[in-house]
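Source file upload.cif; content: mmCIF, C-alpha atoms.
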```cif
data_coords
#
loop_
_atom_site.group_PDB
_atom_site.id
_atom_site.type_symbol
_atom_site.label_atom_id
_atom_site.label_comp_id
_atom_site.auth_asym_id
_atom_site.auth_seq_id
_atom_site.Cartn_x
_atom_site.Cartn_y
_atom_site.Cartn_z
ATOM 1 C CA ALA A 12 -15.205 -24.869 -5.332
ATOM 2 C CA GLN A 13 -12.417 -22.660 -6.566
ATOM 3 C CA LYS A 14 -8.910 -23.979 -6.171
ATOM 4 C CA VAL A 15 -5.467 -23.527 -7.649
ATOM 5 C CA THR A 16 -2.822 -26.223 -7.299
ATOM 6 C CA GLN A 17 0.910 -26.009 -7.943
ATOM 7 C CA THR A 18 2.469 -29.408 -7.376
ATOM 8 C CA GLN A 19 6.087 -28.395 -7.911
ATOM 9 C CA THR A 20 7.467 -27.035 -4.658
ATOM 10 C CA SER A 21 10.902 -26.226 -6.018
ATOM 11 C CA ILE A 22 12.685 -26.334 -9.369
ATOM 12 C CA SER A 23 16.373 -25.836 -10.062
ATOM 13 C CA VAL A 24 17.671 -25.086 -13.565
ATOM 14 C CA MET A 25 20.828 -23.899 -15.222
ATOM 15 C CA GLU A 26 21.007 -20.370 -16.535
ATOM 16 C CA LYS A 27 19.917 -19.826 -20.161
ATOM 17 C CA THR A 28 17.722 -22.920 -20.225
ATOM 18 C CA THR A 29 13.928 -23.169 -20.468
ATOM 19 C CA VAL A 30 11.756 -24.030 -17.493
ATOM 20 C CA THR A 31 8.078 -24.911 -17.240
ATOM 21 C CA MET A 32 6.050 -24.529 -14.075
ATOM 22 C CA ASP A 33 2.784 -26.406 -13.743
ATOM 23 C CA CYS A 34 -0.557 -25.213 -12.458
ATOM 24 C CA VAL A 35 -4.026 -26.712 -12.468
ATOM 25 C CA TYR A 36 -7.205 -25.008 -11.347
ATOM 26 C CA GLU A 37 -10.781 -25.822 -10.442
ATOM 27 C CA THR A 38 -13.759 -23.591 -11.141
ATOM 28 C CA GLN A 39 -17.406 -23.814 -12.055
ATOM 29 C CA ASP A 40 -17.343 -20.430 -13.778
ATOM 30 C CA SER A 41 -17.608 -20.401 -17.554
ATOM 31 C CA SER A 42 -15.434 -17.307 -17.768
ATOM 32 C CA TYR A 43 -12.381 -16.680 -15.648
ATOM 33 C CA PHE A 44 -8.923 -15.150 -15.703
ATOM 34 C CA LEU A 45 -5.594 -16.797 -14.989
ATOM 35 C CA PHE A 46 -2.457 -15.034 -13.812
ATOM 36 C CA TRP A 47 1.123 -15.672 -12.870
ATOM 37 C CA TYR A 48 2.902 -13.580 -10.265
ATOM 38 C CA LYS A 49 6.518 -13.467 -9.154
ATOM 39 C CA GLN A 50 7.619 -12.907 -5.563
ATOM 40 C CA THR A 51 11.222 -11.790 -5.282
ATOM 41 C CA ALA A 52 13.580 -12.390 -2.389
ATOM 42 C CA SER A 53 12.703 -8.948 -1.033
ATOM 43 C CA GLY A 54 9.076 -10.021 -0.791
ATOM 44 C CA GLU A 55 7.739 -7.873 -3.596
ATOM 45 C CA ILE A 56 4.939 -9.480 -5.601
ATOM 46 C CA VAL A 57 4.682 -8.464 -9.235
ATOM 47 C CA PHE A 58 2.267 -9.413 -11.974
ATOM 48 C CA LEU A 59 3.838 -11.241 -14.924
ATOM 49 C CA ILE A 60 1.259 -12.468 -17.410
ATOM 50 C CA ARG A 61 -2.425 -13.305 -17.796
ATOM 51 C CA GLN A 62 -4.653 -15.592 -19.839
ATOM 52 C CA ASP A 63 -8.356 -14.961 -20.327
ATOM 53 C CA SER A 64 -10.317 -18.213 -20.412
ATOM 54 C CA TYR A 65 -12.144 -17.329 -23.622
ATOM 55 C CA LYS A 66 -8.934 -16.767 -25.573
ATOM 56 C CA LYS A 67 -7.439 -19.704 -27.415
ATOM 57 C CA GLU A 68 -4.070 -18.130 -28.115
ATOM 58 C CA ASN A 69 -1.414 -18.583 -25.472
ATOM 59 C CA ALA A 70 -0.275 -15.312 -23.939
ATOM 60 C CA THR A 71 3.336 -14.193 -24.303
ATOM 61 C CA VAL A 72 5.150 -11.330 -22.583
ATOM 62 C CA GLY A 73 8.886 -11.001 -23.064
ATOM 63 C CA HIS A 74 10.508 -14.306 -22.144
ATOM 64 C CA TYR A 75 7.368 -15.492 -20.354
ATOM 65 C CA SER A 76 4.710 -17.521 -22.126
ATOM 66 C CA LEU A 77 1.763 -19.648 -21.123
ATOM 67 C CA ASN A 78 0.646 -23.131 -22.073
ATOM 68 C CA PHE A 79 -3.113 -22.945 -21.655
ATOM 69 C CA GLN A 80 -4.885 -26.307 -21.899
ATOM 70 C CA LYS A 81 -8.502 -25.554 -21.062
ATOM 71 C CA PRO A 82 -9.813 -29.150 -21.247
ATOM 72 C CA LYS A 83 -7.224 -30.114 -18.632
ATOM 73 C CA SER A 84 -7.794 -26.950 -16.532
ATOM 74 C CA SER A 85 -4.088 -26.340 -16.816
ATOM 75 C CA ILE A 86 -2.064 -23.142 -17.189
ATOM 76 C CA GLY A 87 1.665 -23.691 -17.301
ATOM 77 C CA LEU A 88 4.243 -20.889 -17.190
ATOM 78 C CA ILE A 89 7.210 -21.193 -19.523
ATOM 79 C CA ILE A 90 10.324 -19.103 -19.019
ATOM 80 C CA THR A 91 12.826 -19.224 -21.847
ATOM 81 C CA ALA A 92 16.491 -18.234 -21.622
ATOM 82 C CA THR A 93 16.356 -18.095 -17.848
ATOM 83 C CA GLN A 94 18.507 -15.595 -16.002
ATOM 84 C CA ILE A 95 19.816 -15.541 -12.463
ATOM 85 C CA GLU A 96 17.354 -12.729 -11.741
ATOM 86 C CA ASP A 97 14.484 -15.087 -12.509
ATOM 87 C CA SER A 98 15.179 -16.876 -9.227
ATOM 88 C CA ALA A 99 12.031 -16.278 -7.176
ATOM 89 C CA VAL A 100 8.768 -17.844 -6.068
ATOM 90 C CA TYR A 101 6.129 -18.011 -8.778
ATOM 91 C CA PHE A 102 2.451 -18.029 -7.954
ATOM 92 C CA CYS A 103 -0.332 -19.180 -10.210
ATOM 93 C CA ALA A 104 -3.696 -17.508 -9.620
ATOM 94 C CA MET A 105 -7.263 -17.533 -10.882
ATOM 95 C CA ARG A 106 -9.825 -14.755 -10.758
ATOM 96 C CA ASN A 107 -13.468 -15.754 -10.694
ATOM 97 C CA ASN A 108 -16.697 -13.934 -11.464
ATOM 98 C CA ASN A 109 -16.814 -12.531 -7.934
ATOM 99 C CA ASN A 110 -13.560 -10.698 -8.571
ATOM 100 C CA ARG A 111 -11.649 -12.724 -6.040
ATOM 101 C CA ILE A 112 -8.267 -14.154 -6.899
ATOM 102 C CA PHE A 113 -7.274 -17.600 -5.616
ATOM 103 C CA PHE A 114 -3.588 -18.370 -5.355
ATOM 104 C CA GLY A 115 -1.592 -21.571 -5.490
ATOM 105 C CA ASP A 116 1.080 -22.243 -2.888
ATOM 106 C CA GLY A 117 3.883 -21.217 -5.206
ATOM 107 C CA THR A 118 6.887 -22.809 -6.911
ATOM 108 C CA GLN A 119 10.406 -21.825 -5.863
ATOM 109 C CA LEU A 120 12.645 -21.388 -8.916
ATOM 110 C CA VAL A 121 16.416 -21.435 -8.511
ATOM 111 C CA VAL A 122 18.478 -20.487 -11.546
ATOM 112 C CA LYS A 123 22.104 -21.569 -11.263
ATOM 113 C CA PRO A 124 25.013 -19.986 -13.176
ATOM 114 C CA GLU B 2 2.963 6.664 -10.574
ATOM 115 C CA ALA B 3 0.080 4.450 -9.544
ATOM 116 C CA ALA B 4 0.915 2.506 -6.435
ATOM 117 C CA VAL B 5 -0.235 0.669 -3.343
ATOM 118 C CA THR B 6 1.418 1.867 -0.146
ATOM 119 C CA GLN B 7 1.280 -0.069 3.088
ATOM 120 C CA SER B 8 2.167 1.180 6.535
ATOM 121 C CA PRO B 9 3.903 0.287 8.675
ATOM 122 C CA ARG B 10 6.477 -1.859 6.847
ATOM 123 C CA SER B 11 7.004 -3.883 9.989
ATOM 124 C CA LYS B 12 5.571 -3.976 13.467
ATOM 125 C CA VAL B 13 6.036 -5.763 16.743
ATOM 126 C CA ALA B 14 2.835 -6.072 18.749
ATOM 127 C CA VAL B 15 2.031 -7.430 22.165
ATOM 128 C CA THR B 16 -0.434 -10.283 22.558
ATOM 129 C CA GLY B 17 -3.876 -8.885 23.296
ATOM 130 C CA GLY B 18 -3.065 -5.482 21.911
ATOM 131 C CA LYS B 19 -4.763 -3.700 19.023
ATOM 132 C CA VAL B 20 -3.020 -3.472 15.666
ATOM 133 C CA THR B 21 -4.041 -1.430 12.644
ATOM 134 C CA LEU B 22 -2.465 -1.985 9.250
ATOM 135 C CA SER B 23 -3.062 0.693 6.661
ATOM 136 C CA CYS B 24 -3.197 0.609 2.890
ATOM 137 C CA HIS B 25 -3.434 3.506 0.441
ATOM 138 C CA GLN B 26 -3.759 3.232 -3.328
ATOM 139 C CA THR B 27 -3.465 5.847 -6.027
ATOM 140 C CA ASN B 28 -4.608 3.541 -8.839
ATOM 141 C CA ASN B 29 -8.235 4.675 -8.801
ATOM 142 C CA HIS B 30 -9.169 1.001 -8.400
ATOM 143 C CA ASP B 31 -12.513 -0.048 -7.001
ATOM 144 C CA TYR B 32 -11.336 -3.340 -5.499
ATOM 145 C CA MET B 33 -9.027 -3.679 -2.525
ATOM 146 C CA TYR B 34 -7.879 -6.790 -0.696
ATOM 147 C CA TRP B 35 -5.994 -7.933 2.369
ATOM 148 C CA TYR B 36 -4.014 -11.163 2.194
ATOM 149 C CA ARG B 37 -1.950 -13.003 4.714
ATOM 150 C CA GLN B 38 1.209 -14.952 3.850
ATOM 151 C CA ASP B 39 2.804 -17.358 6.263
ATOM 152 C CA THR B 40 6.403 -18.450 5.784
ATOM 153 C CA GLY B 41 6.731 -20.777 2.838
ATOM 154 C CA HIS B 42 3.082 -20.590 1.927
ATOM 155 C CA GLY B 43 0.775 -18.889 -0.510
ATOM 156 C CA LEU B 44 -1.615 -16.012 -0.016
ATOM 157 C CA ARG B 45 -4.866 -16.358 1.884
ATOM 158 C CA LEU B 46 -7.643 -13.791 1.619
ATOM 159 C CA ILE B 47 -8.751 -12.115 4.845
ATOM 160 C CA HIS B 48 -11.104 -9.307 3.761
ATOM 161 C CA TYR B 49 -11.855 -7.423 0.591
ATOM 162 C CA SER B 50 -13.911 -4.501 -0.620
ATOM 163 C CA TYR B 51 -15.306 -3.317 -3.931
ATOM 164 C CA VAL B 52 -16.711 -0.005 -2.821
ATOM 165 C CA ALA B 53 -16.077 2.516 -0.092
ATOM 166 C CA ASP B 54 -17.892 1.929 3.210
ATOM 167 C CA SER B 55 -18.393 -1.746 2.446
ATOM 168 C CA THR B 56 -16.245 -4.791 3.209
ATOM 169 C CA GLU B 57 -16.584 -8.510 2.615
ATOM 170 C CA LYS B 58 -15.191 -11.516 4.439
ATOM 171 C CA GLY B 59 -12.597 -13.622 2.710
ATOM 172 C CA ASP B 60 -11.465 -17.129 3.555
ATOM 173 C CA ILE B 61 -9.873 -16.457 6.956
ATOM 174 C CA PRO B 62 -11.681 -13.435 8.507
ATOM 175 C CA ASP B 63 -11.740 -14.625 12.122
ATOM 176 C CA GLY B 64 -9.785 -12.300 14.384
ATOM 177 C CA TYR B 65 -9.669 -9.523 11.788
ATOM 178 C CA LYS B 66 -11.810 -6.525 10.920
ATOM 179 C CA ALA B 67 -11.549 -4.299 7.879
ATOM 180 C CA SER B 68 -12.486 -0.717 7.148
ATOM 181 C CA ARG B 69 -12.796 1.088 3.800
ATOM 182 C CA PRO B 70 -13.535 4.748 4.573
ATOM 183 C CA SER B 71 -12.713 5.912 1.044
ATOM 184 C CA GLN B 72 -11.835 4.459 -2.340
ATOM 185 C CA GLU B 73 -8.146 5.020 -1.649
ATOM 186 C CA ASN B 74 -7.863 3.631 1.862
ATOM 187 C CA PHE B 75 -8.353 0.166 3.279
ATOM 188 C CA SER B 76 -7.353 -0.824 6.809
ATOM 189 C CA LEU B 77 -6.980 -4.168 8.525
ATOM 190 C CA ILE B 78 -7.615 -4.216 12.259
ATOM 191 C CA LEU B 79 -6.587 -6.831 14.768
ATOM 192 C CA GLU B 80 -8.570 -5.996 17.900
ATOM 193 C CA LEU B 81 -6.837 -8.580 20.104
ATOM 194 C CA ALA B 82 -3.584 -9.647 18.484
ATOM 195 C CA SER B 83 -2.559 -13.261 18.996
ATOM 196 C CA LEU B 84 0.657 -15.178 18.387
ATOM 197 C CA SER B 85 -0.969 -17.025 15.498
ATOM 198 C CA GLN B 86 -1.388 -13.737 13.635
ATOM 199 C CA THR B 87 2.342 -13.362 13.147
ATOM 200 C CA ALA B 88 2.705 -13.215 9.367
ATOM 201 C CA VAL B 89 3.323 -10.937 6.412
ATOM 202 C CA TYR B 90 0.249 -9.008 5.308
ATOM 203 C CA PHE B 91 -0.241 -7.813 1.771
ATOM 204 C CA CYS B 92 -2.711 -5.267 0.508
ATOM 205 C CA ALA B 93 -3.693 -5.210 -3.161
ATOM 206 C CA SER B 94 -5.929 -3.234 -5.464
ATOM 207 C CA SER B 95 -7.439 -3.971 -8.849
ATOM 208 C CA ARG B 96 -10.014 -3.090 -11.455
ATOM 209 C CA GLN B 97 -12.786 -5.505 -12.276
ATOM 210 C CA ASN B 98 -11.525 -8.663 -14.006
ATOM 211 C CA SER B 99 -7.970 -7.410 -13.893
ATOM 212 C CA ASP B 100 -4.747 -8.375 -12.169
ATOM 213 C CA TYR B 101 -3.720 -7.086 -8.742
ATOM 214 C CA THR B 102 -1.239 -4.403 -7.850
ATOM 215 C CA PHE B 103 0.343 -5.384 -4.546
ATOM 216 C CA GLY B 104 1.779 -3.295 -1.784
ATOM 217 C CA SER B 105 5.205 -4.117 -0.390
ATOM 218 C CA GLY B 106 3.808 -5.990 2.589
ATOM 219 C CA THR B 107 3.768 -5.474 6.351
ATOM 220 C CA ARG B 108 5.744 -7.878 8.475
ATOM 221 C CA LEU B 109 3.881 -8.363 11.774
ATOM 222 C CA LEU B 110 5.411 -10.077 14.770
ATOM 223 C CA VAL B 111 3.157 -10.703 17.747
ATOM 224 C CA ILE B 112 4.978 -11.466 21.007
#
```
I need this file expressed as structure tokens, please.
Amino acid sequence: AQKVTQTQTSISVMEKTTVTMDCVYETQDSSYFLFWYKQTASGEIVFLIRQDSYKKENATVGHYSLNFQKPKSSIGLIITATQIEDSAVYFCAMRNNNNRIFFGDGTQLVVKP
Amino acid sequence: EAAVTQSPRSKVAVTGGKVTLSCHQTNNHDYMYWYRQDTGHGLRLIHYSYVADSTEKGDIPDGYKASRPSQENFSLILELASLSQTAVYFCASSRQNSDYTFGSGTRLLVI
């Protein structure tokens, strides 16, 4: 079975701090791809960052980085120096060998000034 | 600029009526998908396609049909709309093993 679980429903942080969002996944595939997406208040869904399962190095893009712990089937998203504009819903996702992407239920991030 | 365009942006439909949601991509992607998002929830896969003239069922296909007449176009059809199909529908496209590019969504209200 393929499944993605985000246990944090909502997180609130102060601006300019660092936040980590958790995600665990289940798959029987030996090779897979992990993604994080951001859904803004307007409803737009944008791709943020990806981690290929065969890569050991954690991906980093701008102020987004990943904490990939393969033995724990975990892919956390870390946002450093948070900004008000980072307030959104963040979705963790996994793409399997059938080219389907499975999404978690999302984590609402509120960044306060 | 490569993009995924959905139409209409919003629609009000009558119960029992037919609804067609359209999606057009200029990304030259082989894969296209239709997802449904209910308020406060994640995305659930309805139908997808990896080649023109072929579609596959996703996790919640009941009550929906899909059509992929060309690489660029992918439609979602509700033959008999029901109240439970009120939701936001997202179309997406991708290359193999790559991330998705999403459309802006279609907000459907069935009354």
*asked:* Need the shell around Glu73 in chain B: protein/DNA/RNA residues with any atom at most 8 Å away, counting all atoms listed in the file. Skip same-chain ones fewer than 5 positions apart. Format as a list in words?
replied: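 Listing them by chain and then by number gives His25, Gln26, Thr27, Asn29 and His30 of chain B.
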*Residues returned when the PyMOL selection byres ((chain A and resi 37-44) around 9) runs on this file, as JSON, numbers by chain*: {"A": [12, 13, 14, 15, 16, 35, 36, 45, 46, 61, 62, 63, 64, 65, 84, 104, 105, 106, 107, 108, 112], "B": [98, 99, 100]}
*Could you state the separation of CA of Ala99 in chain A and CA of Tyr48 in chain A in Å, given to one decimal place?*
10.0 Å
*How many Å lie between CA of Val122 in chain A and CA of Ser98 in chain A, rounded to one decimal?*
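It comes out at 5.4 Å.
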*Which residues match the PyMOL selection byres ((chain A and resi 20) around 12) in the file above, as an MDAnalysis selection string?*
(chainID A and resid 16:19 21:23 32:34 99:102 115:121) or (chainID B and resid 41:43)
*Residues of chain B near chain A: apply a cut-off of 9 Å, count all atoms listed in the file, and supply the list as a PyMOL selection string.*
chain B and resi 32+34+41-46+49+51+59+96-106
Could you save those same residues with C-alpha atoms as a short mmCIF file (atom, residue, chain, number, x, y, z; two decimals), in the coordinates of the input?
```cif
data_model
loop_
_atom_site.label_atom_id
_atom_site.label_comp_id
_atom_site.auth_asym_id
_atom_site.auth_seq_id
_atom_site.Cartn_x
_atom_site.Cartn_y
_atom_site.Cartn_z
CA TYR B 32 -11.34 -3.34 -5.50
CA TYR B 34 -7.88 -6.79 -0.70
CA GLY B 41 6.73 -20.78 2.84
CA HIS B 42 3.08 -20.59 1.93
CA GLY B 43 0.78 -18.89 -0.51
CA LEU B 44 -1.62 -16.01 -0.02
CA ARG B 45 -4.87 -16.36 1.88
CA LEU B 46 -7.64 -13.79 1.62
CA TYR B 49 -11.86 -7.42 0.59
CA TYR B 51 -15.31 -3.32 -3.93
CA GLY B 59 -12.60 -13.62 2.71
CA ARG B 96 -10.01 -3.09 -11.46
CA GLN B 97 -12.79 -5.50 -12.28
CA ASN B 98 -11.52 -8.66 -14.01
CA SER B 99 -7.97 -7.41 -13.89
CA ASP B 100 -4.75 -8.38 -12.17
CA TYR B 101 -3.72 -7.09 -8.74
CA THR B 102 -1.24 -4.40 -7.85
CA PHE B 103 0.34 -5.38 -4.55
CA GLY B 104 1.78 -3.30 -1.78
CA SER B 105 5.20 -4.12 -0.39
CA GLY B 106 3.81 -5.99 2.59
#
```
*CA of Glu96 in chain A to CA of Phe91 in chain B, straight-line distance in Å*: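 Between these atoms lies a distance of 22.7 Å.
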*Quick one: everything within 12 Å of Pro62 in chain B, counting only C-alpha atoms, minus sequence neighbours fewer than 6 positions away in the same chain. Send it as number ranges by chain.*
B: 34-37, 45-49, 56, 77-79, 86
*Given the file above and the PyMOL selection byres ((chain B and resi 16) around 9), which residues are selected, and can you give them as an MDAnalysis selection string?*
chainID B and resid 14:15 17:19 81:84 111:112
*Using only C-alpha atoms, which residues sit within 7 Å of Leu109 in chain B once same-chain residues fewer than 4 positions away are excluded, as a ChimeraX atom specification?*
/B:11-13,87-89
So which residues touch Met33 in chain B within 6 Å, counting only C-alpha atoms, skipping near sequence neighbours fewer than 6 positions away, as an mmCIF file with C-alpha atoms, in the frame of the given file?
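Saved as part-v7.cif:
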```cif
data_model
loop_
_atom_site.group_PDB
_atom_site.id
_atom_site.type_symbol
_atom_site.label_atom_id
_atom_site.label_comp_id
_atom_site.auth_asym_id
_atom_site.auth_seq_id
_atom_site.Cartn_x
_atom_site.Cartn_y
_atom_site.Cartn_z
ATOM 1 C CA TYR B 49 -11.855 -7.423 0.591
ATOM 2 C CA SER B 50 -13.911 -4.501 -0.620
ATOM 3 C CA ALA B 93 -3.693 -5.210 -3.161
ATOM 4 C CA SER B 94 -5.929 -3.234 -5.464
#
```
*asked:* From (16.4, -20.2, -19.7), in the file's coordinates, out to 12 Å: which residues are reached, counting all atoms listed in the file? Answer as a list in words.
replied: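 Residues lying no farther than 12 Å from the given point: Ser23, Val24, Met25, Glu26, Lys27, Thr28, Thr29, Val30, Thr31, His74, Tyr75, Ile89, Ile90, Thr91, Ala92, Thr93, Gln94, Ile95, Glu96, Asp97, Ser98, Leu120, Val121, Val122, Lys123 and Pro124 of chain A.
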